[in-house]
Amino acid sequence: MTVSAPETGSVVRTTCPYCGVGCGVLATPDGKGGVGIAGDTEHPANLGKLCSKGSALGETVNLDDRLLHPVKDGARVSWEAALGAVAGGLRRTAERHGPGAIAFYLSGQLLTEDYYVANKLAKGFIGTPHVDTNSRLCMSSAVAAHRRAFGSDTVPGCYEDLDEADLIVLVGSNASWCHPVLFRRMAEARARRGTKIVTVDPRFTQTGEESDLFLPLAPGSDSALFSGLLVHLADTGAADRAFVDEHTAGLDAALERARAIAPSIAATAAATGLPEAEVARFFELFAKTKRVVTAFSQGANQSAQGTDKGNAIINCHLLTGRIGQPGAGPFSLTGQPNAMGGREVGGLANMLAAHMHFAPEEVDRVRRFWSAPNIVTGEGLKAVAMFDAIAKGKIKALWVMGTNPLVSMPRADMIREALAKLDLYVVSEVVADSDTVKGLGKTTVLLPALAWGEKNGTVTNSERRISRQRSFLKAPGEARPDWAIVCDVARRLGHGKAFGYLSAAAIFREHAALSAFENNGTRDFDIGALGDIAEAAYDTAAPVQWPLPKRAVSAGKGRARFFADGRFYTFDQRARFVAVQAPALAESVTEERPFVLNTGRVRDHWHTMTRTGRSQRLSAHRSVPFLEIHPDDAAARGLVDGGIARVSSVHGSADLEVIVTQAIRPGSLFMPMHWSDATASRARVGAVVRGVPDPVSGQPELKATPASVEPLAFRARGYLLSRDARTPPEGWWWARAAVTGGSALQFATNDGSREAALLMRGLFQGLELAEYADHARGRYRCAVYDEGRLVACLAFAPAEARPDWEAAKALFAETEPDATVRRALLSGRAATAAAGPTICACHGVGLDVITGVIEAGADTVEAVGAACKAGTNCGSCVPEIRKLLPEALARSAA
């Protein structure tokens with residue numbers, strides 16, 4: 001079904017497609033393919049605030065590099081031919097090898113309705129259990145921890161708890177950058193009610209800078225910290241004995257294990273590498289504060305012991321009864337916009353739909369509801385095991401939807417080789433140049449899907465709030481909704497009756513009805529009150545939290561918190577304490593690989609940059625892939641700030657620009673996850689990490705890979721700005737970024753300036769080249785014109801004199817430069833002052849502007865914001881602004 005786009009100038013309420021905060025967005029299309037973006041003040045998740053990524057959404061909706069037509073084996077085909085190839089390939093695979101030779105790899109970027117039909121087709125009708133999602137890499141350890149403790153995958157609290165807490169403990173969460181809208185709520189609670197913020201993280205992140213207490217524990221030692229806390233709480237009278245006795249089970253075993261791991265404050269300090277005084281301070285703060293929220297995220301989850309880390313945290317909340325109460329509880333901060341929705345519909349390999357699993361009665365319940373005689377009866381392969389099975393030839397057909405595993409999955413080079421063995425490889429995608437699109441099997445079918453702005457359906461955020469994502473742009477080319485593509489394939493496989501949906505609303509009604517089917521309060525996920533929602537009501541639906549059963553007093557208001565009554569979803573309604581394992585890294589460092597490599601996100605980019613990479617604002621803050629290293633380690637290995645280094649593991653390597661910083665522990669390294677083969681020469685995080693899976697959740701370890709690092713020597717450095725994307729020669733190190741008016745490369749090479757001149761003449765043959773060359777000193781500059789229009793410019797210099805591109809980017813924005821600008825391009829000196837590197841991406845405020853207002857008298861972060869707006873939106877740049885203030889002012893502003 002095609003949904004017509006709204007009229008030009010009309011405002012559409014939709015939801016941000018980035019993190020799990022689930023911010024409401026007001027989109028105003030301009031009728032020319034563009035859109036104005038603002039925060040929705042009526043959405044309870046963000047109350048009008050947006051982070052830098054959300055604010056720049058309007059810069060990401062262009063059709064550059066879009067997959068607009070079906071493609072089979074590299075050639076454009078009709079939808080009929082493409083769908084026939086998919087259905088035929090799936091049928092042949094099932095006939096020859098059994099349905100278990102088919103797998104689906106889904107994404108937290110899908111809408112709930114897309115997820116629902118994909119899971120239903122695979123598990124209910126094709127009969128394969130091998131359906132997993134990139135959310136396995138995000139929060140599946142939190143899911144497993146919830147299930148072990150509560151009997152269900154239930155997030156107990158809500159965002160209002162952040163407003164009402166007196167202590168917020170952030171574990172493995174750089175919320176200031178990764179969940180900035182929520183972190184602003186935390187900061188506002190501190191300003192309003194004196195809330196204390198503690199950050200637990202091996203890296204001194206921007207969140208740590210804004211915290212009252214920062215605990216830089218040793219990698220992988222989270223369970224020791226919270227085991228020690230459990231012991232301390234039990235021994236100092238902080239336990240809620242009535243709650244424990246009436247509503248929990250398993251404390252003795254959990255406490256015995258905790259005593260074996262960290263029996264005292266001193267033992268906890270030794271196990272975590274923290275100062276004993278800081279451990280004592282944290283324990284006392286937690287014990288004496290009634291309203292405590294412990295928010296944990298990927299830093300805890302992406303671990304070979306991620307589930308235990310989650311349960312170690314939950315144990316402390318169960319012991320003190322701090323769960324289900326205002327301002328108190330464990331809180332999983334999810335990374336993707338619809339990771340929660342995927343869990344609701346059974347998008348993980350170890351789940352059925354509607355939070356049901358594989359107990360015989362649950363399988364039978366879903367079989368009857370779907371009328372699906374071929375329904376699977378057991379768990380499928382989780383992500384890491386799924387791709388291993390492809391490599392071993394056990395899985396012959398794979399359908400990937402809306403994700404980029406050749407960048408994000410561990411052992412990504414192995415996965416690339418494995419995909420070539422597939423008999424059928426299907427990719428439903430938005431972009432035409434992702435690494436995964438280029439990983440071809442024997443028969444490859446690319447299916448053009450709708451992007452954010454064109455899609456219509458629902459998503460569920462981290463606090464269980466269901467929001468509408470509404471279309472405001474017309475479907476481009478031949479792109480179709482993911483759910484419609486799946487249903488078309490289902491019909492060709494003979495399952496038309498079960499997939500005869502005419503709209504996303506029809507799918508949602510079935511999803512809601514299944515959640516209530518034979519439920520009677522026995523399952524946490526229940527939105528039965530929405531099971532008969534009309535099309536018009538679905539179109540105008542406001543955000544709502546689940547549970548929302550049919551018996552709800554009002555269909556417009558769900559329940560904010562679970563477990564206030566002490567009733568859980570285990571057979572005896574008691575929560576379970578879990579005896580966690582002693583912390584240990586899955587792989588130990590060696591003399592050959594003496595560093596622990598950590599991975600994560602940066603402030604302004606998202607996943608593999610297929611969306612944020614289009615925005616020049618978002619590309620300006622961190623424009624190249626980088627490696628953080630402690631000064632002592634850098635000096636010992638001959639690494640310098642701004643140089644290039646190779647980080648290597650047993651599985652692969654990446655070449656990254658060096659950042660020497662005290663923010664990282666000695667013996668540790670950090671690299672971001674965002675760069676791919678489409679945006680850098682060698683910077684895929686997945687090529688380096690091994691990803692040993694957690695034995696309970698299957699979530700791979702992405703935070704602690706043994707690695708080595710060495711400097712790479714390059715003769716020259718430079719940049720190339722061009723109207724269209726260009727790729728430098730083989731052997732050059734490079735990274736691509738969006739700039740106003742085109743695309744930009746920063747590069748390093750062992751070629752000389754003469755070779756650079758020959759390259760430019762070859763790339764832009766037939767155009768006018770204005771050149772400055774000093775080959776004796778290894779310097780070369782060039783500007784390329786096409787009938788007066790600036791097409792490209794390059795600066796090339798010895799590595800130790802790397803050209804600064806900030807001024808050139810501002811000049812390049814002028815497509816028909818005057819004589820002054822032309823001279824500036826060749827001289828390397830700007831005619832006017834540049835704004836400098838971007839600090840505040842929300843408002844596009846550069847370093848030089850902020851420095852200028854400070855020099856003019858702005859002596860606090862607030863004064864800087866009043867003068868130039870920097871730091872006044874999501875606040876994720878506030879730590880950087882504070883660093884720019886003179887030391888005395890920074891102390892007074894803290």
# chains A, B, ... in the order shown; residues from 1 in each chain; ligands from 1

$ residues_around --residues "Ala397 of chain A" --least-positions-apart "3" --cutoff "12 Å" --atoms "only C-alpha atoms" --output "PyMOL selection string"
chain A and resi 85-94+96-105+128+130+386-387+389-391+393-394+400+418-427+440-445

$ residues_around --residues "Cys793 of chain A" --least-positions-apart "5" --cutoff "8 Å" --atoms "only C-alpha atoms" --output "tab-separated table (two decimals) with C-alpha atoms, in the first residue's frame"
chain	number	residue	atom	x	y	z
A	720	LEU	CA	40.54	16.86	-1.69
A	721	LEU	CA	37.21	18.68	-1.89
A	722	SER	CA	35.03	17.83	-4.88
A	781	ARG	CA	47.70	23.02	-4.46
A	782	CYS	CA	45.13	22.87	-7.17
A	783	ALA	CA	41.69	24.32	-7.91
A	784	VAL	CA	39.58	22.89	-10.73
A	812	PHE	CA	34.47	25.54	-1.38
A	825	LEU	CA	42.44	28.45	-2.55

$ residues_around --residues "Arg567 of chain A" --least-positions-apart "2" --cutoff "12 Å" --atoms "only C-alpha atoms" --output "list in words"
Ala149, Phe150, Gly151, Ser152, Pro156, Phe243, Glu246, His247, Thr248, Ile323, Gly324, Gly521, Thr522, Arg523, Asp524, Phe562, Phe563, Ala564, Asp565, Tyr569, Thr570, Phe571, Asp572, Gln573, Arg574, Ala575 and Arg576 of chain A

$ select_by_dssp --residues "segment 265-342 of chain A" --states "alpha helix (DSSP H)" --output "number ranges by chain"
A: 265-272, 276-288, 298-301, 306-320, 339-342

$ select_by_dssp --residues "segment 799-887 of chain A" --states "strand (DSSP E or B)" --output "list in words"
Thr838, Ile839, Cys840, Val845 and Gly846 of chain A

$ write_last_selection --atoms "N, CA and C atoms" --output "PDB file, in the first residue's frame"
ATOM      1  N   THR A 838      33.859  22.261  13.922  1.00  0.00           N
ATOM      2  CA  THR A 838      32.550  22.362  14.568  1.00  0.00           C
ATOM      3  C   THR A 838      32.591  21.775  15.976  1.00  0.00           C
ATOM      4  N   ILE A 839      32.105  22.537  16.928  1.00  0.00           N
ATOM      5  CA  ILE A 839      31.949  22.065  18.307  1.00  0.00           C
ATOM      6  C   ILE A 839      30.481  21.761  18.576  1.00  0.00           C
ATOM      7  N   CYS A 840      29.588  22.704  18.256  1.00  0.00           N
ATOM      8  CA  CYS A 840      28.152  22.516  18.456  1.00  0.00           C
ATOM      9  C   CYS A 840      27.506  22.187  17.111  1.00  0.00           C
ATOM     10  N   VAL A 845      28.069  25.719  15.283  1.00  0.00           N
ATOM     11  CA  VAL A 845      28.981  26.722  15.846  1.00  0.00           C
ATOM     12  C   VAL A 845      30.383  26.132  15.941  1.00  0.00           C
ATOM     13  N   GLY A 846      31.366  26.848  15.367  1.00  0.00           N
ATOM     14  CA  GLY A 846      32.719  26.355  15.318  1.00  0.00           C
ATOM     15  C   GLY A 846      33.570  26.783  16.491  1.00  0.00           C
TER      16      GLY A 846
END

$ decode --residues "segment 539-588 of chain A" --atoms "N, CA and C atoms" --output "mmCIF file, in the first residue's frame"
data_model
loop_
_atom_site.group_PDB
_atom_site.id
_atom_site.type_symbol
_atom_site.label_atom_id
_atom_site.label_comp_id
_atom_site.auth_asym_id
_atom_site.auth_seq_id
_atom_site.Cartn_x
_atom_site.Cartn_y
_atom_site.Cartn_z
ATOM 1 N N ASP A 539 -3.818 6.384 12.353
ATOM 2 C CA ASP A 539 -3.141 7.501 11.689
ATOM 3 C C ASP A 539 -2.863 8.648 12.658
ATOM 4 N N THR A 540 -3.760 8.860 13.607
ATOM 5 C CA THR A 540 -3.636 10.009 14.515
ATOM 6 C C THR A 540 -3.169 9.617 15.915
ATOM 7 N N ALA A 541 -2.781 8.342 16.086
ATOM 8 C CA ALA A 541 -2.473 7.836 17.418
ATOM 9 C C ALA A 541 -1.354 8.622 18.087
ATOM 10 N N ALA A 542 -1.556 8.949 19.354
ATOM 11 C CA ALA A 542 -0.539 9.617 20.165
ATOM 12 C C ALA A 542 0.361 8.569 20.802
ATOM 13 N N PRO A 543 1.565 8.949 21.238
ATOM 14 C CA PRO A 543 2.454 7.997 21.900
ATOM 15 C C PRO A 543 1.805 7.406 23.146
ATOM 16 N N VAL A 544 2.017 6.103 23.362
ATOM 17 C CA VAL A 544 1.397 5.427 24.498
ATOM 18 C C VAL A 544 2.325 4.342 25.014
ATOM 19 N N GLN A 545 2.373 4.170 26.332
ATOM 20 C CA GLN A 545 3.204 3.138 26.928
ATOM 21 C C GLN A 545 2.435 1.834 27.098
ATOM 22 N N TRP A 546 3.134 0.736 26.910
ATOM 23 C CA TRP A 546 2.543 -0.546 27.284
ATOM 24 C C TRP A 546 3.022 -0.920 28.676
ATOM 25 N N PRO A 547 2.227 -1.739 29.391
ATOM 26 C CA PRO A 547 1.100 -2.532 28.909
ATOM 27 C C PRO A 547 -0.180 -1.702 28.761
ATOM 28 N N LEU A 548 -1.014 -2.146 27.869
ATOM 29 C CA LEU A 548 -2.282 -1.482 27.634
ATOM 30 C C LEU A 548 -3.325 -2.560 27.315
ATOM 31 N N PRO A 549 -3.705 -3.361 28.297
ATOM 32 C CA PRO A 549 -4.631 -4.464 28.052
ATOM 33 C C PRO A 549 -6.045 -3.977 27.767
ATOM 34 N N LYS A 550 -6.852 -4.862 27.277
ATOM 35 C CA LYS A 550 -8.240 -4.506 26.975
ATOM 36 C C LYS A 550 -8.977 -3.996 28.196
ATOM 37 N N ARG A 551 -8.589 -4.512 29.331
ATOM 38 C CA ARG A 551 -9.281 -4.107 30.558
ATOM 39 C C ARG A 551 -8.794 -2.764 31.086
ATOM 40 N N ALA A 552 -7.851 -2.114 30.353
ATOM 41 C CA ALA A 552 -7.347 -0.813 30.790
ATOM 42 C C ALA A 552 -8.484 0.187 30.870
ATOM 43 N N VAL A 553 -8.452 1.024 31.882
ATOM 44 C CA VAL A 553 -9.508 2.029 32.065
ATOM 45 C C VAL A 553 -9.560 2.953 30.856
ATOM 46 N N SER A 554 -8.411 3.343 30.362
ATOM 47 C CA SER A 554 -8.363 4.229 29.203
ATOM 48 C C SER A 554 -7.397 3.660 28.186
ATOM 49 N N ALA A 555 -7.812 3.567 26.947
ATOM 50 C CA ALA A 555 -6.952 3.055 25.885
ATOM 51 C C ALA A 555 -5.873 4.053 25.512
ATOM 52 N N GLY A 556 -5.880 5.206 26.120
ATOM 53 C CA GLY A 556 -4.876 6.212 25.788
ATOM 54 C C GLY A 556 -3.777 6.333 26.817
ATOM 55 N N LYS A 557 -3.823 5.507 27.873
ATOM 56 C CA LYS A 557 -2.818 5.641 28.930
ATOM 57 C C LYS A 557 -2.380 4.273 29.417
ATOM 58 N N GLY A 558 -1.097 3.976 29.239
ATOM 59 C CA GLY A 558 -0.558 2.718 29.722
ATOM 60 C C GLY A 558 -0.020 2.871 31.132
ATOM 61 N N ARG A 559 0.721 1.851 31.557
ATOM 62 C CA ARG A 559 1.297 1.869 32.889
ATOM 63 C C ARG A 559 2.753 2.310 32.798
ATOM 64 N N ALA A 560 3.146 3.250 33.648
ATOM 65 C CA ALA A 560 4.501 3.792 33.575
ATOM 66 C C ALA A 560 5.530 2.827 34.140
ATOM 67 N N ARG A 561 5.180 2.093 35.218
ATOM 68 C CA ARG A 561 6.153 1.254 35.912
ATOM 69 C C ARG A 561 5.598 -0.142 36.167
ATOM 70 N N PHE A 562 6.485 -1.116 36.131
ATOM 71 C CA PHE A 562 6.166 -2.484 36.516
ATOM 72 C C PHE A 562 6.723 -2.768 37.906
ATOM 73 N N PHE A 563 6.156 -3.785 38.544
ATOM 74 C CA PHE A 563 6.686 -4.441 39.736
ATOM 75 C C PHE A 563 6.523 -3.640 41.033
ATOM 76 N N ALA A 564 5.764 -2.552 41.015
ATOM 77 C CA ALA A 564 5.505 -1.840 42.261
ATOM 78 C C ALA A 564 4.765 -2.730 43.254
ATOM 79 N N ASP A 565 3.996 -3.688 42.738
ATOM 80 C CA ASP A 565 3.251 -4.607 43.604
ATOM 81 C C ASP A 565 4.064 -5.822 44.017
ATOM 82 N N GLY A 566 5.328 -5.889 43.542
ATOM 83 C CA GLY A 566 6.171 -7.017 43.915
ATOM 84 C C GLY A 566 5.832 -8.307 43.201
ATOM 85 N N ARG A 567 5.024 -8.226 42.155
ATOM 86 C CA ARG A 567 4.635 -9.426 41.407
ATOM 87 C C ARG A 567 5.400 -9.460 40.094
ATOM 88 N N PHE A 568 6.103 -10.580 39.879
ATOM 89 C CA PHE A 568 6.934 -10.728 38.688
ATOM 90 C C PHE A 568 6.351 -11.828 37.800
ATOM 91 N N TYR A 569 7.025 -12.128 36.686
ATOM 92 C CA TYR A 569 6.446 -13.034 35.694
ATOM 93 C C TYR A 569 7.080 -14.426 35.732
ATOM 94 N N THR A 570 7.603 -14.799 36.892
ATOM 95 C CA THR A 570 8.053 -16.156 37.115
ATOM 96 C C THR A 570 6.863 -17.012 37.554
ATOM 97 N N PHE A 571 7.082 -18.333 37.654
ATOM 98 C CA PHE A 571 5.950 -19.210 37.981
ATOM 99 C C PHE A 571 5.390 -18.933 39.367
ATOM 100 N N ASP A 572 6.255 -18.460 40.308
ATOM 101 C CA ASP A 572 5.781 -18.164 41.654
ATOM 102 C C ASP A 572 5.668 -16.661 41.919
ATOM 103 N N GLN A 573 5.805 -15.873 40.844
ATOM 104 C CA GLN A 573 5.692 -14.412 40.889
ATOM 105 C C GLN A 573 6.774 -13.748 41.743
ATOM 106 N N ARG A 574 7.868 -14.463 41.980
ATOM 107 C CA ARG A 574 8.995 -13.894 42.712
ATOM 108 C C ARG A 574 10.141 -13.582 41.754
ATOM 109 N N ALA A 575 10.794 -12.456 41.985
ATOM 110 C CA ALA A 575 11.991 -12.129 41.223
ATOM 111 C C ALA A 575 13.133 -13.038 41.661
ATOM 112 N N ARG A 576 14.101 -13.210 40.770
ATOM 113 C CA ARG A 576 15.225 -14.086 41.058
ATOM 114 C C ARG A 576 16.531 -13.288 41.182
ATOM 115 N N PHE A 577 17.208 -13.469 42.316
ATOM 116 C CA PHE A 577 18.601 -13.065 42.376
ATOM 117 C C PHE A 577 19.397 -14.063 41.535
ATOM 118 N N VAL A 578 20.435 -13.589 40.875
ATOM 119 C CA VAL A 578 21.239 -14.456 40.021
ATOM 120 C C VAL A 578 22.673 -14.476 40.538
ATOM 121 N N ALA A 579 23.201 -15.672 40.746
ATOM 122 C CA ALA A 579 24.605 -15.827 41.139
ATOM 123 C C ALA A 579 25.457 -15.671 39.891
ATOM 124 N N VAL A 580 26.148 -14.562 39.778
ATOM 125 C CA VAL A 580 26.905 -14.257 38.554
ATOM 126 C C VAL A 580 28.292 -14.872 38.627
ATOM 127 N N GLN A 581 28.893 -15.022 37.461
ATOM 128 C CA GLN A 581 30.242 -15.574 37.379
ATOM 129 C C GLN A 581 31.286 -14.517 37.724
ATOM 130 N N ALA A 582 32.425 -14.960 38.192
ATOM 131 C CA ALA A 582 33.526 -14.040 38.443
ATOM 132 C C ALA A 582 33.946 -13.379 37.141
ATOM 133 N N PRO A 583 34.220 -12.087 37.156
ATOM 134 C CA PRO A 583 34.554 -11.396 35.904
ATOM 135 C C PRO A 583 35.873 -11.891 35.314
ATOM 136 N N ALA A 584 35.859 -12.038 34.004
ATOM 137 C CA ALA A 584 37.063 -12.433 33.276
ATOM 138 C C ALA A 584 36.875 -12.061 31.820
ATOM 139 N N LEU A 585 37.899 -11.527 31.198
ATOM 140 C CA LEU A 585 37.815 -11.202 29.786
ATOM 141 C C LEU A 585 37.793 -12.490 28.971
ATOM 142 N N ALA A 586 37.034 -12.486 27.877
ATOM 143 C CA ALA A 586 36.922 -13.675 27.038
ATOM 144 C C ALA A 586 38.258 -14.036 26.413
ATOM 145 N N GLU A 587 39.063 -13.027 26.123
ATOM 146 C CA GLU A 587 40.385 -13.247 25.545
ATOM 147 C C GLU A 587 41.396 -12.425 26.331
ATOM 148 N N SER A 588 42.497 -13.021 26.680
ATOM 149 C CA SER A 588 43.524 -12.327 27.444
ATOM 150 C C SER A 588 44.528 -11.662 26.517
#
